[in-house]
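Here the structure comes first, spelled out in structure tokens, and everything after it is commentary.
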Amino acid sequence: AALSKAMLQGEVEPTKIPACCLDILAQQIIAIVAMRDCQVPDLYRSLRKAYPYRDLTTGTLDSVLEMLSGRYRLSRPLSDAPLKRTEPTEVQPSRPTALEALNPRVVWDRINNRLEALPGTKHLALTGGGAIPDTGNLAAFTLEGARIGELDEEFVFERRVGDAFLLGTNVWRIESIETDRVRVAPAPGAMAVMPFWRGEGPGRTLDLGRSLGKFLRELADRLEDPDRLEWVKRECALDTAAARDLFRHVSRQILIAGCVPNDKTILIEATRDPLGDWQLLILTPFGSKFHLGLRLALEGVLTNRMGYRPQCLHHDDGVLVRLTDTAEPPLDLLDWLDPENIEENILRQLADSPLFAVRFRQNASRALLLPRALPGKRSPLWLQRLRGKDLLQVARRHPDFPIIAETYRECLQDHLEVSALAEIIQAARRGEIRVVTRRAETPCPFAADILFDFTAAYMYQQDSVEAESK
């Protein structure tokens with residue numbers, strides 16, 4: 001309803017153009033050098049003409065060129081092991097990082113400050129170009145060679161020849177499973193399973209979240225208005241049944257919790273789960289990017305104070321934190337966060353998050369450090385994950401590795417709302433945003449979606465033990 005209202009009013013979200021993306025910069029440098037040798041000063045002036053790289057510095061460009069010319073391949077990685085005392089005559093052998101991803105892509109003649117192509121540079125640029133990350137899907141073809149769609153590699157792995165599945169409005173039977181494609185034939189009337197695809201949900205943006213919060217505040221103010229149904233039908237293009245259900249939902253929330261989370265109100269409630277442990281819900285309408293930053297910040301604070309990392313989940317509607325062996329739930333949780341160093345707190349938690357690992361692999365692939373397979377040959381996504389994990393382990397030992405810096409930039413600027421989080425916490429402390437706390441036996445209606453997702457997230461997890469190798 002809030003989205004329809006914003007569309008009818010002609011509201012458009014602002015477009016954010018990423019600046020100085022080092023993964024795309026590396027890819028473009030390889031493509032340029034593949035076509036012709038060039039002087040570094042001329043390359044720098046050419047790159048600065050592109051709007052996203054208008055603020056590119058020579059130091060940043062040099063760091064990318066060092067990565068592409070194989071500096072990290074030749075440098076010895078830092079070691080966590082203690083240094084051994086050796087005799088003065090004993091020579092310590094150097095152990096270069098033996099990863100193909102760190103091999104040089106271009107030659108950087110430091111004396112003449114000139115970039116030259118290697119024998120495989122042009123092939124790498126032609127086969128690895130592009131910015132859309134690989135999702136690991138397999139193409140589905142009929143026996144006659146017509147392409148009908150794509151299937152998730154995990155779904156295909158769980159199937160066998162002869163299984164039938166539904167794609168579109170037709171039922172297809174698997175005739176063969178090859179390394180890069182699945183061949184199918186029509187199977188009308190056969191018992192079929194529904195395929196699944198794994199992808200990232202974009203989530204509610206901060207701008208839409210603020211519009212939703214404002215709309216919820218208007219709904220709460222019009223609960224006693226006799227013309228409320230006509231108003232919401234006119235403003236949001238709803239029918240009578242939908243308008244009535246909308247007001248009923250908001251009325252039930254106010255009856256149980258006393259308030260509705262909106263752009264001026266944050267609701268924090270504590271309830272017991274079936275085992276008797278406390279679960280804290282911080283409910284706001286500000287969207288998943290905002291709540292991911294809040295979750296990371298809370299995880300850092302809670303880990304330091306309680307000695308263990310609690311189970312947390314972020315959602316479009318808020319953050320859920322499950323606490324174990326806690327007598328009293330900390331309803332003043334937001335007071336534990338310091339707006340001045342919240343970005344630093346998030347950075348410490350971000351490095352070990354799944355988001356960072358996924359973005360690093362995608363950025364390394366775009367920078368042509370993890371090149372794609374030969375044309376016509378598919379690279380399994382699960383093997384790409386393993387190769388990206390190996391590269392990340394080595395890259396972490398070099399604080400100046402450009403793709404590490406790019407991954408931090410992308411996470412902070414494109415996938416988190418750190419500045420908005422600090423502003424809202426400050427506004428709550430100044431009293432501009434009301435924080436309502438509630439301790440109850442049952443959660444409020446607005447918490448239903450996040451509780452369902454929490455159950456779904458941990459329902460299929462099994463006990464696992466990871467052995468540490470030394």
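As shown in the structure tokens, the chain order sets the letters A, B, ...; within each chain, residues go from 1, and ligands are also counted from 1 in the order they appear.
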
Extract the full set of strand (DSSP E or B) residues from segment 86-172 of chain A according to DSSP on the backbone, and format it as a compact mmCIF listing (two decimals) with N, CA and C atoms, in the first residue's frame.
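As written to disk, states-v5.txt reads:
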# COMPACT_ATOMS: atom_id res chain seq x y z
N VAL A 106 49.40 -8.02 -16.36
CA VAL A 106 50.08 -7.10 -17.26
C VAL A 106 51.51 -6.92 -16.76
N VAL A 107 52.35 -6.31 -17.60
CA VAL A 107 53.72 -5.98 -17.22
C VAL A 107 53.80 -4.50 -16.95
N TRP A 108 54.35 -4.15 -15.78
CA TRP A 108 54.52 -2.73 -15.42
C TRP A 108 56.02 -2.43 -15.42
N ASP A 109 56.45 -1.75 -16.46
CA ASP A 109 57.85 -1.31 -16.57
C ASP A 109 58.02 -0.08 -15.70
N ARG A 114 55.56 2.28 -17.87
CA ARG A 114 54.81 1.86 -19.03
C ARG A 114 54.16 0.50 -18.76
N LEU A 115 52.95 0.31 -19.27
CA LEU A 115 52.23 -0.96 -19.13
C LEU A 115 52.24 -1.70 -20.45
N GLU A 116 52.54 -3.01 -20.39
CA GLU A 116 52.59 -3.84 -21.58
C GLU A 116 51.79 -5.10 -21.34
N ALA A 117 51.28 -5.67 -22.40
CA ALA A 117 50.45 -6.87 -22.31
C ALA A 117 51.32 -8.12 -22.21
N ASN A 137 23.87 -21.03 -12.46
CA ASN A 137 22.76 -21.73 -13.10
C ASN A 137 23.24 -22.56 -14.29
N LEU A 138 22.52 -23.63 -14.58
CA LEU A 138 22.76 -24.45 -15.76
C LEU A 138 21.64 -24.21 -16.76
N ALA A 139 22.00 -24.07 -18.02
CA ALA A 139 21.01 -23.85 -19.06
C ALA A 139 20.27 -25.16 -19.34
N ALA A 140 18.98 -25.04 -19.59
CA ALA A 140 18.14 -26.19 -19.94
C ALA A 140 17.82 -26.12 -21.43
N PHE A 141 18.12 -27.20 -22.17
CA PHE A 141 17.89 -27.27 -23.61
C PHE A 141 16.99 -28.45 -23.92
N THR A 142 16.19 -28.30 -24.94
CA THR A 142 15.45 -29.43 -25.46
C THR A 142 16.39 -30.31 -26.28
N ARG A 147 16.76 -23.51 -26.25
CA ARG A 147 16.98 -23.17 -24.84
C ARG A 147 15.66 -22.72 -24.22
N ILE A 148 15.28 -23.34 -23.11
CA ILE A 148 13.99 -23.04 -22.48
C ILE A 148 14.15 -22.31 -21.15
N GLY A 149 15.35 -22.18 -20.62
CA GLY A 149 15.52 -21.48 -19.35
C GLY A 149 16.78 -21.93 -18.64
N GLU A 150 16.86 -21.64 -17.34
CA GLU A 150 18.01 -22.00 -16.52
C GLU A 150 17.53 -22.66 -15.24
N LEU A 151 18.38 -23.55 -14.70
CA LEU A 151 18.08 -24.27 -13.47
C LEU A 151 19.23 -24.08 -12.49
N ASP A 152 18.91 -23.99 -11.21
CA ASP A 152 19.91 -23.84 -10.18
C ASP A 152 20.77 -25.11 -10.10
N ALA A 164 11.01 -35.48 -13.49
CA ALA A 164 10.23 -34.46 -14.18
C ALA A 164 10.11 -33.23 -13.30
N PHE A 165 10.13 -32.07 -13.91
CA PHE A 165 9.99 -30.81 -13.18
C PHE A 165 9.13 -29.86 -13.99
N LEU A 166 8.62 -28.87 -13.30
CA LEU A 166 7.74 -27.88 -13.92
C LEU A 166 8.54 -26.62 -14.20
N LEU A 167 8.51 -26.16 -15.43
CA LEU A 167 9.17 -24.92 -15.81
C LEU A 167 8.20 -24.12 -16.69
N ASN A 170 4.81 -25.79 -18.49
CA ASN A 170 5.02 -27.11 -19.07
C ASN A 170 5.80 -28.02 -18.12
N VAL A 171 5.60 -29.31 -18.28
CA VAL A 171 6.33 -30.31 -17.52
C VAL A 171 7.41 -30.90 -18.43
N TRP A 172 8.63 -31.00 -17.88
CA TRP A 172 9.77 -31.50 -18.65
C TRP A 172 10.42 -32.67 -17.92

Write out as JSON, numbers by chain each polymer residue whose atoms come within 12 Å of segment 421-429 of chain A, counting only C-alpha atoms; drop sequence neighbours fewer than 4 positions from it.
{"A": [206, 210, 263, 264, 265, 266, 267, 284, 286, 287, 288, 289, 290, 291, 292, 293, 294, 295, 296, 297, 298, 332, 333, 334, 335, 336, 337, 338, 339, 340, 341, 342, 343, 344, 345, 346, 412, 416, 417, 433, 434, 435, 436]}

If you run DSSP on this backbone, which residues of segment 125-325 of chain A come out as alpha helix (DSSP H), and could you give them as a ChimeraX atom specification?
/A:125-128,153-157,206-221,228-236,240-257,288-306

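Excluding Phe155 of chain A itself and same-chain residues fewer than 4 positions from it, the residues having an atom within 7 Å of it are Leu151, Arg159, Pro195 and Phe196 of chain A, counting only C-alpha atoms.
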
As an exercise, work out the distance from atom CA of Pro133 of chain A to atom CA of Trp382 of chain A in Å and give it to one decimal place.
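Atom CA of Pro133 of chain A sits 13.5 Å away from atom CA of Trp382 of chain A.
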
Fewer than 4 positions away in the same chain doesn't count, so skip those; otherwise give me all residues within 9 Å of Arg439 of chain A, counting only C-alpha atoms, as a PyMOL selection string.
chain A and resi 268-271+329+331+443

Segment 233-243 of chain A: which residues within 7 Å, counting only C-alpha atoms, same-chain residues fewer than 5 positions away excluded, as a CSV table (one decimal) with N, CA and C atoms, in the first residue's frame?
chain,number,residue,atom,x,y,z
A,1,ALA,N,0.8,-1.2,0.0
A,1,ALA,CA,0.0,0.0,0.0
A,1,ALA,C,0.9,1.3,0.0
A,2,ALA,N,1.9,1.2,0.8
A,2,ALA,CA,2.8,2.4,0.9
A,2,ALA,C,3.5,2.6,-0.5
A,4,SER,N,2.4,1.6,-3.5
A,4,SER,CA,1.4,2.1,-4.4
A,4,SER,C,1.2,3.6,-4.2
A,5,LYS,N,1.1,4.0,-3.0
A,5,LYS,CA,0.9,5.5,-2.7
A,5,LYS,C,2.1,6.3,-3.2

What lies within 10 Å of Phe401 of chain A using only C-alpha atoms, ignoring chain neighbours under 5 positions off, as a CSV table (one decimal) with C-alpha atoms, in the first residue's frame?
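Written file, part14.csv:
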chain,number,residue,atom,x,y,z
A,63,SER,CA,47.9,-0.1,-5.8
A,64,VAL,CA,45.7,-1.6,-8.6
A,66,GLU,CA,50.8,-3.5,-8.3
A,67,MET,CA,48.1,-6.1,-7.9
A,72,TYR,CA,51.5,-10.0,-4.2
A,394,VAL,CA,45.8,-14.8,1.4
A,395,ALA,CA,44.5,-11.4,0.7
A,396,ARG,CA,43.6,-10.8,4.4
A,406,GLU,CA,36.9,-2.4,-2.7

Would you tabulate, counting only C-alpha atoms, all residues of segment 398-435 of chain A that have an atom at most 8 Å from an atom of segment 17-22 of chain A, showing the closest pair of atoms and their distance in Å to one decimal, sorted by chain then ascending number, as a Markdown table?
| residue | atom | partner | partner_atom | distance |
| --- | --- | --- | --- | --- |
| A:Pro402 | CA | A:Leu22 | CA | 6.7 |
| A:Ile403 | CA | A:Leu22 | CA | 6.8 |
| A:Glu406 | CA | A:Leu22 | CA | 5.8 |
| A:Asp414 | CA | A:Pro18 | CA | 7.8 |

Requested write-out: all heavy atoms of the selected residues, as a PDB file, in the first residue's frame:
ATOM      1  N   PRO A 402      43.987  -4.317  -2.982  1.00  0.00           N
ATOM      2  CA  PRO A 402      42.903  -3.441  -3.498  1.00  0.00           C
ATOM      3  C   PRO A 402      41.516  -4.055  -3.433  1.00  0.00           C
ATOM      4  O   PRO A 402      40.535  -3.339  -3.195  1.00  0.00           O
ATOM      5  CB  PRO A 402      43.340  -3.180  -4.949  1.00  0.00           C
ATOM      6  CG  PRO A 402      44.821  -3.384  -4.957  1.00  0.00           C
ATOM      7  CD  PRO A 402      45.072  -4.470  -3.971  1.00  0.00           C
ATOM      8  N   ILE A 403      41.381  -5.355  -3.654  1.00  0.00           N
ATOM      9  CA  ILE A 403      40.047  -5.960  -3.662  1.00  0.00           C
ATOM     10  C   ILE A 403      39.471  -6.037  -2.250  1.00  0.00           C
ATOM     11  O   ILE A 403      38.253  -5.986  -2.065  1.00  0.00           O
ATOM     12  CB  ILE A 403      40.091  -7.347  -4.333  1.00  0.00           C
ATOM     13  CG1 ILE A 403      40.650  -7.207  -5.746  1.00  0.00           C
ATOM     14  CG2 ILE A 403      38.701  -7.970  -4.400  1.00  0.00           C
ATOM     15  CD1 ILE A 403      39.871  -6.234  -6.625  1.00  0.00           C
ATOM     16  N   GLU A 406      38.097  -2.591  -1.879  1.00  0.00           N
ATOM     17  CA  GLU A 406      36.880  -2.446  -2.681  1.00  0.00           C
ATOM     18  C   GLU A 406      35.702  -3.161  -2.036  1.00  0.00           C
ATOM     19  O   GLU A 406      34.569  -2.666  -2.073  1.00  0.00           O
ATOM     20  CB  GLU A 406      37.135  -2.994  -4.091  1.00  0.00           C
ATOM     21  CG  GLU A 406      35.897  -3.152  -4.952  1.00  0.00           C
ATOM     22  CD  GLU A 406      35.139  -1.854  -5.152  1.00  0.00           C
ATOM     23  OE1 GLU A 406      35.751  -0.766  -5.032  1.00  0.00           O
ATOM     24  OE2 GLU A 406      33.931  -1.923  -5.439  1.00  0.00           O
ATOM     25  N   ASP A 414      27.081   0.383  -0.529  1.00  0.00           N
ATOM     26  CA  ASP A 414      26.021  -0.176  -1.370  1.00  0.00           C
ATOM     27  C   ASP A 414      25.096  -1.125  -0.632  1.00  0.00           C
ATOM     28  O   ASP A 414      23.955  -1.330  -1.061  1.00  0.00           O
ATOM     29  CB  ASP A 414      26.625  -0.907  -2.575  1.00  0.00           C
ATOM     30  CG  ASP A 414      27.475   0.001  -3.444  1.00  0.00           C
ATOM     31  OD1 ASP A 414      27.345   1.232  -3.301  1.00  0.00           O
ATOM     32  OD2 ASP A 414      28.268  -0.517  -4.244  1.00  0.00           O
TER      33      ASP A 414
END

Å distance separating atom CA of Gly168 of chain A from atom CA of Pro188 of chain A, one decimal place
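Taking atom CA of Gly168 of chain A as the start and atom CA of Pro188 of chain A as the end point, the length is 12.6 Å.
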
Please provide as a ChimeraX atom specification all residues within 9 Å of segment 218-228 of chain A, with the sequence filter that same-chain residues fewer than 3 positions apart are discarded (counting only C-alpha atoms).
/A:213-215,231-233,243,246-247,250-251,254,259-260

Compare A:Thr324, A:Gly162, A:Asn262, A:Cys411 by their minimum atom-to-atom distance to Leu212 of chain A, counting only C-alpha atoms, and give me the closest one.
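Closest residue, counting only C-alpha atoms: A:Asn262.
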
Computed interatomic separation between atom CA of Pro41 of chain A and atom CA of Asp62 of chain A (Å)
10.8 Å

Using only C-alpha atoms, which residue out of A:Ser176, A:Gln39, A:Thr60, A:Gln279 lies closest to Ile450 of chain A?
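Closest residue, counting only C-alpha atoms: A:Gln279.
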